[in-house]
Amino acid sequence: MTNSEAILDNAARLRGEVGGNLHDRLTEAIYSDAGAIAGRAVSAGEQTGNLEQKFDRILTSRLWGFPLMILLLTGVFWLTIAGANIPSAMLGELLQGTVYNALHGVAAALNAPWWLSGFWIDGVYLATAWVVSVMLPPMAIFFPLFTLLEDLGYLPRVAFNLDRLFKRAGAHGKQALTMMMGYGCNAAGVVSTRIIDSPRERMIAIVTNNFAICNGRWGTLILIGAIFVGATAPPFMASFIAATSVVAIAILGVIFTLLVSAFLSKTWLKGEASSFSLELPPYRPPQIWQTLYKSIIDRTLIVLKRAVIMAAPAGAVIWLISNINIGEASIATHLISFLNPFGLLIGLNGVILLAYIVAIPANEIVIPTILMLTLNLSKSGLAQTGVMSGIDDDMQIQEVLTGMGGWTLLTGINLLLFSLLHNPCSTTIWTIWQETRSLKWTTISTILPVVLGIAVCLLTATAARLFF
Amino acid sequence: MSHAETAIQCGSCASGCNTAHLAKLGIKTGNWDYVVALAGNPNTGKSTIFNALTGLNQHVGNWAGKTVTRAEGAFTLGGKKFKLVDLPGTYSLLSTSVDEEIARDFVLFGKPDVTVVVADATRLERNLNLVLQILEITDRAVVALNLIDEAGRNNIKVDERSLARDLGVPVVSMAARSGKGVDELLGAIEQVSSGEFQARPHRIKYTDDILENAIDTLATQLHGQFEDLPNARWVALRLLEGDESIINAVQTATLGTVRAANVFPPLVQLEAR
Amino acid sequence: MTLNMLKAGRTATVKGIYSKDTERRRMVDLGILPGTLIENVMASPLGDPVAYRIRSAVIALRREQAELIEVEEEG
Ligand SMILES: Nc1nc2c(ncn2[C@@H]2O[C@H](COP(=O)(O)OP(=O)(O)OP(=O)(O)O)[C@@H](O)[C@H]2O)c(=O)[nH]1
Ligand SMILES: [Mg+2]
């Protein structure tokens with residue numbers, strides 16, 4: 001018998017001697033001391049927590065709980081969309097207009113060869129500039145608003161409201177919290193599943209975290225929602241309708257989370273929902289200025305930095321595949337014509353599919369990649385230099401996509417759907433591997449959302465073909 | 001002024017001087033003199049205190065479970081370098097989830113020189129459950145009585161002297177978000193780490209000879225198997241309770257090891273299905 | 001009666017806990033012990049879970065867990 005076995009044997013024997021429910025007895029002893037000590041130290045005056053309780057009863061009431069949640073979310077996106085519009089246009093004019101032209105001016109003055117200025121200015125610089133002007137303004141508005149809600153203490157209330165649905169899906173109540181962490185970043189969301197103690201339910205939370213739209217995707221949704229969906233509404237309603245379309249996609253994400261969780265609970269991860277306890281903290285008045293400062297410095301700029309780091313090489317790759325020819329046409333053209341039939345079948349196109357492949361390291365670069373590929377493809381129709389300089393606001397983006405890219409409302413809507421339902425970014429995949437150490441589950445988490453995305457897009461495309 | 005003088009002065013000054021000597025070192029945590037752990041119930045302001053002392057930007061949020069990994073930072077005070085470890089929140093040392101396990105393992109087996117237990121002044125009784133559990137295993141502890149501003153708003157007064165007398169360790173009232181009490185906390189950390197403060201921590205009396213004997217027997221046996229296992233008595237109690245995770249750790253001889261910050265049991269149990 | 005039967009706004013004293021193992025430990029660690037006062041603060045929109053005040057903290061429990069806590073309502 002080894003030493004360890006001897007210890008455990010002895011422990012089992014002694015356990016019988018000391019009697020059952022030892023943990024209860026120990027905790028009772030501790031709490032009785034705690035009660036006495038607290039009793040001596042604490043003197044409570046009149047309680048004043050009534051206002052807070054009233055507030056809470058409304059936010060979680062049968063009647064108002066869900067409508068208020070949706071209203072709040074719509075409000076956040078409406079503010080983001082309406083507020084980001086003008087700064088986005090200004091940044092676009094500066095970065096894709098003034099600075100871009102100036103750089104080309106310098107290159108021309110230095111007699112730089114076309115491929116050198118092309119690679120650096122039309123490739124690396126332009127992709128970076130696009131990421132900044134498309135992503136920065138919405139992030140700088142969305143993050144602080146979300147952080148304010150988090151500091152106020154609203155997140156656990158959302159989990160409280162949604163728990164019944166998660167229970168029905170055989171999932172853990174705290175999965176709603178990990179989902180909300182996913183709204184910032186899916187990699188962070190996957191790590192946050194550590195708060196779920198049942199391994200089964202934790203795995204469900206990891207696999208479905210990708211249905212929480214991360215910051216790299218909000219930008220795509222907001223832009224496409226604005227130029228394809230918002231634009232169909234009268235101008236004064238446009239921001240609101242655009243916000244509604246973004247919220248609809250977010251809610252669809254919650255629905256997919258629940259459906260896939262339920263599916264997993266009935267198949268590979270069979271089991272009943274385990275118990276849970278969730279503390280609802282008091283509402284705390286957020287420190288508005290500190291929150292603004294911190295979420296801009298700490299989150300927006302860090303996320304933007306990551307996006308820029310990913311965008312620069314992506315810009316280089318895009319420029320290279322658009323300018324290196326194999327036979328008659330560029331590599332990009334070959335790739336896109338190869339992907340196009342399938343893309344069109346599911347209501348997207350080859351450019352979008354290629355963009356999603358280029359953007360595996362970071363979702364942030366989807367829109368810039370789509371725009372650059374679309375423009376490069378039809379470059380023949382444009383002057384060699386100043387390709388992008390004309391595009392600096394949303395409406396011009398729409399003209400490029402519909403005019404040169406041949407996009408329709410269906411393409412826009414399916415891009416919204418595909419943005420929700422596709423593989424996680426490479427950082428998230430790596431994190432899933434780190435947390436689970438399971439090849440099987442890392443693969444499932446990666447493949448499942450793309451398969452769903454293709455299926456859903458095929459469905460809407462077929463429906464559109466049948467009915468319109 | 002020599003370091004020794006600084007230390008004495010800081011230990012005895014009410015406010016305004018520790019922060020003057022505090023150098024926030026961010027993540028430069030090499031070559032420390034002391035390791036300080038930040039433990040406590042979830043959502044009590046541990047990460048807020050961590051940020052105040054290290055100048056780092058550990059995420060904080062108003063919900064239980066924001067921090068799920070171990071975060072490290074550093075500061076110097078009175079010429080000594082302190083490594084500060086922010087831990088996930090936990091209701092007790094009996095972990096049920098991975099984040100709680102990370103906290104428990106560090107408090108029990110990470111051999112911190114000082115354990116700062118952050119307690120929520122508005123829910124003192126519940127918070128004392130963990131404080132008392134930690135005082136069972138260490139006498140180098142400081143209680144940071146945080147959220148004192150919120151307690152004030154709710155007309156709750158906490159007599160920190162009565163608390164300090166009962167607990168036998170320094171108790172510091174704080175409102176970490178606005179920086180109140182940070183100086184006093186630093187003073188207390190310094191005194192406890194240098195051994196200047198002699199703690200007489202509160203210990204629970206089980207008044208049960210059979211139990212005491214059983215604990216002694218097992219603790220001796222454990223020391224034989226796991227040589228420098230800290231807190232063998234605590235482990236013995238868990239074995240008597242039949243705690244699965246501790247029984248496992250004894251079986252696999254991994255007891256007392258603290259895993260690297262982001263490595264923990266993979267979820268492969270599921271693969272077996 | 002059991003805790004899930006307690007009406008909103010009412011307070012009861014814990015008489016016993018029937019949950020087992022990990023779940024029992026978690027309940028006990030939150031301070032749910034014989035003699036503890038528990039108030040039903042509010043139900044979530046779909047009726048389950050319910051938030052209870054336990055030793056000044058507000059904690060949401062699912063019905064299945066509340067069913068395992070025996071209580072006696074305060075007069
Ligand atoms: N009013 C007030 N709020 C505080 C104080 N300290 C922290 N907070 C707030 O309390 C909340 C929790 O703070 P954290 O520092 O994230 O708490 P934590 O203990 O690290 O939480 P976990 O990591 O979840 O265990 C945040 O919203 C803080 O802004 C304080 O002294 N006064
Ligand atoms: Mg924390």
# chains A, B, ... in the order shown; residues from 1 in each chain; ligands from 1
>>> residues_around(residues="C:Ala12", least_positions_apart="2", cutoff="6 Å", atoms="only C-alpha atoms", output="number ranges by chain")
C: 37-38, 71-74
>>> write_last_selection(atoms="C-alpha atoms", output="PDB file, in the first residue's frame")
ATOM      1  CA  LEU C  37     -33.511  34.489   7.759  1.00  0.00           C
ATOM      2  CA  ILE C  38     -34.343  34.542   4.059  1.00  0.00           C
ATOM      3  CA  VAL C  71     -38.282  26.985   5.866  1.00  0.00           C
ATOM      4  CA  GLU C  72     -40.853  28.306   8.274  1.00  0.00           C
ATOM      5  CA  GLU C  73     -42.495  31.606   7.480  1.00  0.00           C
ATOM      6  CA  GLU C  74     -42.157  34.399   9.994  1.00  0.00           C
TER       7      GLU C  74
END
>>> interface_residues(of="chain A", to="chain B", cutoff="7 Å", atoms="only C-alpha atoms", output="VMD selection string")
chain A and resid 3 to 4 7 11 14 to 15 18 22 to 23 30 to 31 34 to 35 37 to 38 40 to 49 150 to 153 156 192 194 to 197 199 to 200 279 281 435 to 438
>>> atom_distance(atom1="atom CA of B:Leu77", atom2="atom CA of A:Thr291")
28.6 Å
>>> interface_residues(of="chain C", to="chain B", cutoff="12 Å", atoms="only C-alpha atoms", output="NGL selection string")
:C and (21-33 or 36 or 53-59)
>>> write_last_selection(atoms="C-alpha atoms", output="compact mmCIF listing (two decimals), in the first residue's frame")
# COMPACT_ATOMS: atom_id res chain seq x y z
CA ASP C 21 -22.67 17.24 -1.95
CA THR C 22 -21.34 20.22 -3.88
CA GLU C 23 -24.66 21.95 -4.02
CA ARG C 24 -25.17 21.63 -0.30
CA ARG C 25 -21.70 22.99 0.29
CA ARG C 26 -22.39 25.97 -1.91
CA MET C 27 -25.66 26.76 -0.15
CA VAL C 28 -24.01 26.44 3.26
CA ASP C 29 -21.08 28.64 2.19
CA LEU C 30 -23.52 31.36 1.17
CA GLY C 31 -24.73 31.28 4.76
CA ILE C 32 -27.91 29.25 4.32
CA LEU C 33 -27.95 27.41 7.64
CA THR C 36 -30.87 31.93 8.81
CA ARG C 53 -31.98 38.24 0.48
CA ILE C 54 -29.59 36.09 2.48
CA ARG C 55 -27.42 37.75 5.12
CA SER C 56 -27.80 41.16 3.36
CA ALA C 57 -26.79 39.82 -0.05
CA VAL C 58 -29.28 39.30 -2.87
CA ILE C 59 -28.82 35.87 -4.41
>>> select_by_dssp(residues="chain C", states="alpha helix (DSSP H)", output="list in words")
Asp21, Thr22, Glu23, Arg24, Arg25, Arg26, Met27, Val28, Asp29, Arg63, Glu64, Gln65 and Ala66 of chain C
>>> write_last_selection(atoms="all heavy atoms", output="short mmCIF file (atom, residue, chain, number, x, y, z; two decimals), in the first residue's frame")
data_model
loop_
_atom_site.label_atom_id
_atom_site.label_comp_id
_atom_site.auth_asym_id
_atom_site.auth_seq_id
_atom_site.Cartn_x
_atom_site.Cartn_y
_atom_site.Cartn_z
N ASP C 21 -23.99 17.06 -1.35
CA ASP C 21 -22.67 17.24 -1.95
C ASP C 21 -22.30 18.69 -2.24
O ASP C 21 -22.49 19.55 -1.43
CB ASP C 21 -22.54 16.38 -3.22
CG ASP C 21 -22.88 14.92 -2.93
OD1 ASP C 21 -22.66 14.51 -1.78
OD2 ASP C 21 -23.38 14.24 -3.83
N THR C 22 -21.83 18.90 -3.49
CA THR C 22 -21.34 20.22 -3.88
C THR C 22 -22.40 21.29 -3.68
O THR C 22 -22.12 22.37 -3.19
CB THR C 22 -20.99 20.22 -5.39
OG1 THR C 22 -20.37 18.99 -5.69
CG2 THR C 22 -20.10 21.38 -5.72
N GLU C 23 -23.62 20.94 -4.09
CA GLU C 23 -24.66 21.95 -4.02
C GLU C 23 -24.95 22.34 -2.57
O GLU C 23 -25.11 23.50 -2.25
CB GLU C 23 -25.93 21.40 -4.67
CG GLU C 23 -26.98 22.49 -4.75
CD GLU C 23 -28.25 21.99 -5.37
OE1 GLU C 23 -28.19 21.02 -6.14
OE2 GLU C 23 -29.29 22.59 -5.08
N ARG C 24 -24.96 21.34 -1.71
CA ARG C 24 -25.17 21.63 -0.30
C ARG C 24 -24.07 22.53 0.23
O ARG C 24 -24.32 23.50 0.93
CB ARG C 24 -25.17 20.31 0.49
CG ARG C 24 -25.45 20.53 1.96
CD ARG C 24 -25.32 19.23 2.73
NE ARG C 24 -25.78 19.40 4.09
CZ ARG C 24 -27.00 19.15 4.50
NH1 ARG C 24 -27.90 18.69 3.65
NH2 ARG C 24 -27.34 19.36 5.75
N ARG C 25 -22.83 22.18 -0.16
CA ARG C 25 -21.70 22.99 0.29
C ARG C 25 -21.83 24.42 -0.14
O ARG C 25 -21.57 25.36 0.61
CB ARG C 25 -20.40 22.41 -0.27
CG ARG C 25 -19.82 21.41 0.66
CD ARG C 25 -18.40 21.06 0.40
NE ARG C 25 -17.81 21.51 -0.83
CZ ARG C 25 -17.02 20.75 -1.58
NH1 ARG C 25 -16.76 19.52 -1.23
NH2 ARG C 25 -16.48 21.23 -2.66
N ARG C 26 -22.26 24.61 -1.40
CA ARG C 26 -22.39 25.97 -1.91
C ARG C 26 -23.46 26.73 -1.14
O ARG C 26 -23.27 27.88 -0.77
CB ARG C 26 -22.69 25.95 -3.40
CG ARG C 26 -22.55 27.30 -3.99
CD ARG C 26 -22.15 27.32 -5.45
NE ARG C 26 -22.05 26.01 -6.05
CZ ARG C 26 -22.71 25.70 -7.16
NH1 ARG C 26 -23.53 26.55 -7.71
NH2 ARG C 26 -22.57 24.51 -7.69
N MET C 27 -24.58 26.10 -0.90
CA MET C 27 -25.66 26.76 -0.15
C MET C 27 -25.16 27.15 1.25
O MET C 27 -25.37 28.27 1.71
CB MET C 27 -26.86 25.82 0.01
CG MET C 27 -27.57 25.46 -1.28
SD MET C 27 -28.29 26.89 -2.07
CE MET C 27 -27.31 26.97 -3.53
N VAL C 28 -24.49 26.20 1.90
CA VAL C 28 -24.01 26.44 3.26
C VAL C 28 -22.98 27.56 3.27
O VAL C 28 -23.00 28.44 4.14
CB VAL C 28 -23.42 25.13 3.83
CG1 VAL C 28 -22.68 25.38 5.12
CG2 VAL C 28 -24.54 24.11 4.05
N ASP C 29 -22.09 27.58 2.26
CA ASP C 29 -21.08 28.64 2.19
C ASP C 29 -21.70 30.02 2.02
O ASP C 29 -21.14 31.01 2.45
CB ASP C 29 -20.10 28.37 1.05
CG ASP C 29 -19.07 27.32 1.43
OD1 ASP C 29 -18.88 27.11 2.65
OD2 ASP C 29 -18.48 26.71 0.53
N ARG C 63 -35.55 27.25 -8.94
CA ARG C 63 -36.60 26.57 -8.19
C ARG C 63 -36.14 25.24 -7.61
O ARG C 63 -36.40 24.94 -6.45
CB ARG C 63 -37.78 26.36 -9.16
CG ARG C 63 -38.91 25.57 -8.64
CD ARG C 63 -39.95 25.46 -9.74
NE ARG C 63 -41.21 26.06 -9.32
CZ ARG C 63 -42.11 25.45 -8.57
NH1 ARG C 63 -41.89 24.21 -8.17
NH2 ARG C 63 -43.22 26.03 -8.22
N GLU C 64 -35.40 24.46 -8.43
CA GLU C 64 -34.94 23.14 -7.97
C GLU C 64 -34.14 23.23 -6.69
O GLU C 64 -34.14 22.30 -5.88
CB GLU C 64 -34.06 22.47 -9.04
CG GLU C 64 -34.79 21.95 -10.25
CD GLU C 64 -35.15 23.05 -11.23
OE1 GLU C 64 -34.90 24.23 -10.92
OE2 GLU C 64 -35.70 22.72 -12.30
N GLN C 65 -33.40 24.33 -6.53
CA GLN C 65 -32.60 24.47 -5.32
C GLN C 65 -33.44 24.94 -4.15
O GLN C 65 -33.28 24.47 -3.03
CB GLN C 65 -31.46 25.45 -5.56
CG GLN C 65 -30.45 24.90 -6.51
CD GLN C 65 -29.78 26.02 -7.24
OE1 GLN C 65 -30.31 26.55 -8.21
NE2 GLN C 65 -28.63 26.40 -6.73
N ALA C 66 -34.37 25.87 -4.45
CA ALA C 66 -35.22 26.39 -3.39
C ALA C 66 -36.10 25.29 -2.81
O ALA C 66 -36.43 25.28 -1.63
CB ALA C 66 -36.07 27.54 -3.92
#
>>> interface_residues(of="chain A", to="chain C", cutoff="10 Å", atoms="only C-alpha atoms", output="VMD selection string")
chain A and resid 21 23 to 25 27 to 28 30 to 31 35 53 56 to 66 156 to 165 167 173 197 274 to 282
>>> write_last_selection(atoms="N, CA and C atoms", output="compact mmCIF listing (two decimals), in the first residue's frame")
# COMPACT_ATOMS: atom_id res chain seq x y z
N ASN A 21 -21.85 15.01 8.08
CA ASN A 21 -22.16 16.42 7.98
C ASN A 21 -21.14 17.34 8.62
N HIS A 23 -18.96 19.19 7.25
CA HIS A 23 -18.88 20.51 6.63
C HIS A 23 -19.94 21.45 7.20
N ASP A 24 -21.15 20.93 7.35
CA ASP A 24 -22.22 21.74 7.94
C ASP A 24 -21.82 22.21 9.33
N ARG A 25 -21.30 21.27 10.10
CA ARG A 25 -20.94 21.63 11.48
C ARG A 25 -19.86 22.68 11.52
N THR A 27 -19.08 24.86 9.14
CA THR A 27 -19.58 26.14 8.67
C THR A 27 -20.49 26.79 9.70
N GLU A 28 -21.28 25.97 10.38
CA GLU A 28 -22.12 26.54 11.44
C GLU A 28 -21.27 27.18 12.52
N ILE A 30 -18.30 28.42 12.14
CA ILE A 30 -17.73 29.66 11.60
C ILE A 30 -18.78 30.76 11.58
N TYR A 31 -19.96 30.43 11.06
CA TYR A 31 -20.99 31.47 10.96
C TYR A 31 -21.45 31.94 12.33
N GLY A 35 -21.28 35.73 13.10
CA GLY A 35 -22.45 36.48 13.54
C GLY A 35 -22.13 37.29 14.79
N GLN A 53 -34.59 48.90 -4.68
CA GLN A 53 -35.40 47.72 -4.85
C GLN A 53 -36.54 47.94 -5.83
N ASP A 56 -35.14 47.76 -9.25
CA ASP A 56 -34.87 46.38 -9.59
C ASP A 56 -36.14 45.63 -9.96
N ARG A 57 -37.21 45.90 -9.22
CA ARG A 57 -38.46 45.18 -9.49
C ARG A 57 -38.97 45.53 -10.88
N ILE A 58 -38.71 46.77 -11.34
CA ILE A 58 -39.16 47.13 -12.68
C ILE A 58 -38.26 46.47 -13.72
N LEU A 59 -36.94 46.58 -13.52
CA LEU A 59 -36.00 46.04 -14.51
C LEU A 59 -36.12 44.54 -14.67
N THR A 60 -36.66 43.85 -13.68
CA THR A 60 -36.77 42.40 -13.80
C THR A 60 -38.22 41.94 -13.74
N SER A 61 -39.15 42.88 -13.99
CA SER A 61 -40.55 42.50 -13.84
C SER A 61 -41.04 41.68 -15.03
N ARG A 62 -42.12 40.95 -14.78
CA ARG A 62 -42.72 40.10 -15.79
C ARG A 62 -43.05 40.91 -17.05
N LEU A 63 -43.59 42.10 -16.81
CA LEU A 63 -44.06 42.91 -17.92
C LEU A 63 -42.89 43.63 -18.60
N TRP A 64 -42.03 44.24 -17.79
CA TRP A 64 -41.05 45.16 -18.35
C TRP A 64 -39.66 44.58 -18.54
N GLY A 65 -39.36 43.46 -17.90
CA GLY A 65 -38.00 42.90 -17.93
C GLY A 65 -37.44 42.79 -19.34
N PHE A 66 -38.14 42.06 -20.21
CA PHE A 66 -37.62 41.85 -21.55
C PHE A 66 -37.71 43.09 -22.44
N PRO A 156 -25.61 41.28 -14.37
CA PRO A 156 -26.21 40.14 -13.67
C PRO A 156 -27.74 40.13 -13.74
N ARG A 157 -28.34 41.30 -13.90
CA ARG A 157 -29.81 41.35 -14.05
C ARG A 157 -30.22 40.71 -15.37
N VAL A 158 -29.42 40.93 -16.41
CA VAL A 158 -29.72 40.28 -17.69
C VAL A 158 -29.65 38.76 -17.52
N ALA A 159 -28.60 38.31 -16.83
CA ALA A 159 -28.46 36.87 -16.59
C ALA A 159 -29.66 36.36 -15.79
N PHE A 160 -30.09 37.14 -14.83
CA PHE A 160 -31.25 36.78 -14.00
C PHE A 160 -32.50 36.65 -14.87
N ASN A 161 -32.70 37.62 -15.76
CA ASN A 161 -33.87 37.60 -16.63
C ASN A 161 -33.85 36.42 -17.60
N LEU A 162 -32.66 36.11 -18.11
CA LEU A 162 -32.58 35.09 -19.16
C LEU A 162 -32.44 33.67 -18.62
N ASP A 163 -32.19 33.55 -17.32
CA ASP A 163 -31.82 32.24 -16.79
C ASP A 163 -32.80 31.13 -17.12
N ARG A 164 -34.08 31.45 -17.04
CA ARG A 164 -35.09 30.42 -17.30
C ARG A 164 -34.88 29.78 -18.67
N LEU A 165 -34.55 30.64 -19.66
CA LEU A 165 -34.34 30.14 -21.01
C LEU A 165 -33.10 29.24 -21.07
N LYS A 167 -31.88 27.55 -18.62
CA LYS A 167 -32.19 26.30 -17.92
C LYS A 167 -32.92 25.34 -18.86
N GLY A 173 -26.88 29.05 -15.75
CA GLY A 173 -27.37 30.42 -15.71
C GLY A 173 -26.27 31.45 -15.92
N ASP A 197 -19.14 25.92 -12.88
CA ASP A 197 -18.45 24.81 -12.24
C ASP A 197 -18.69 23.45 -12.88
N SER A 274 -27.39 22.01 -14.12
CA SER A 274 -27.02 21.84 -12.72
C SER A 274 -27.50 23.08 -11.95
N SER A 275 -27.25 23.04 -10.64
CA SER A 275 -27.73 24.14 -9.82
C SER A 275 -26.84 25.36 -10.03
N PHE A 276 -27.34 26.50 -9.65
CA PHE A 276 -26.49 27.68 -9.72
C PHE A 276 -26.99 28.71 -8.72
N SER A 277 -26.09 29.59 -8.34
CA SER A 277 -26.50 30.70 -7.50
C SER A 277 -25.82 31.93 -8.05
N LEU A 278 -26.57 32.99 -8.18
CA LEU A 278 -26.04 34.19 -8.82
C LEU A 278 -26.29 35.37 -7.91
N GLU A 279 -25.23 36.04 -7.54
CA GLU A 279 -25.41 37.20 -6.67
C GLU A 279 -25.77 38.42 -7.51
N LEU A 280 -26.81 39.14 -7.07
CA LEU A 280 -27.16 40.39 -7.73
C LEU A 280 -26.58 41.53 -6.89
N PRO A 281 -25.52 42.16 -7.38
CA PRO A 281 -24.88 43.20 -6.58
C PRO A 281 -25.75 44.44 -6.52
N PRO A 282 -25.49 45.34 -5.56
CA PRO A 282 -26.25 46.58 -5.53
C PRO A 282 -25.91 47.41 -6.77
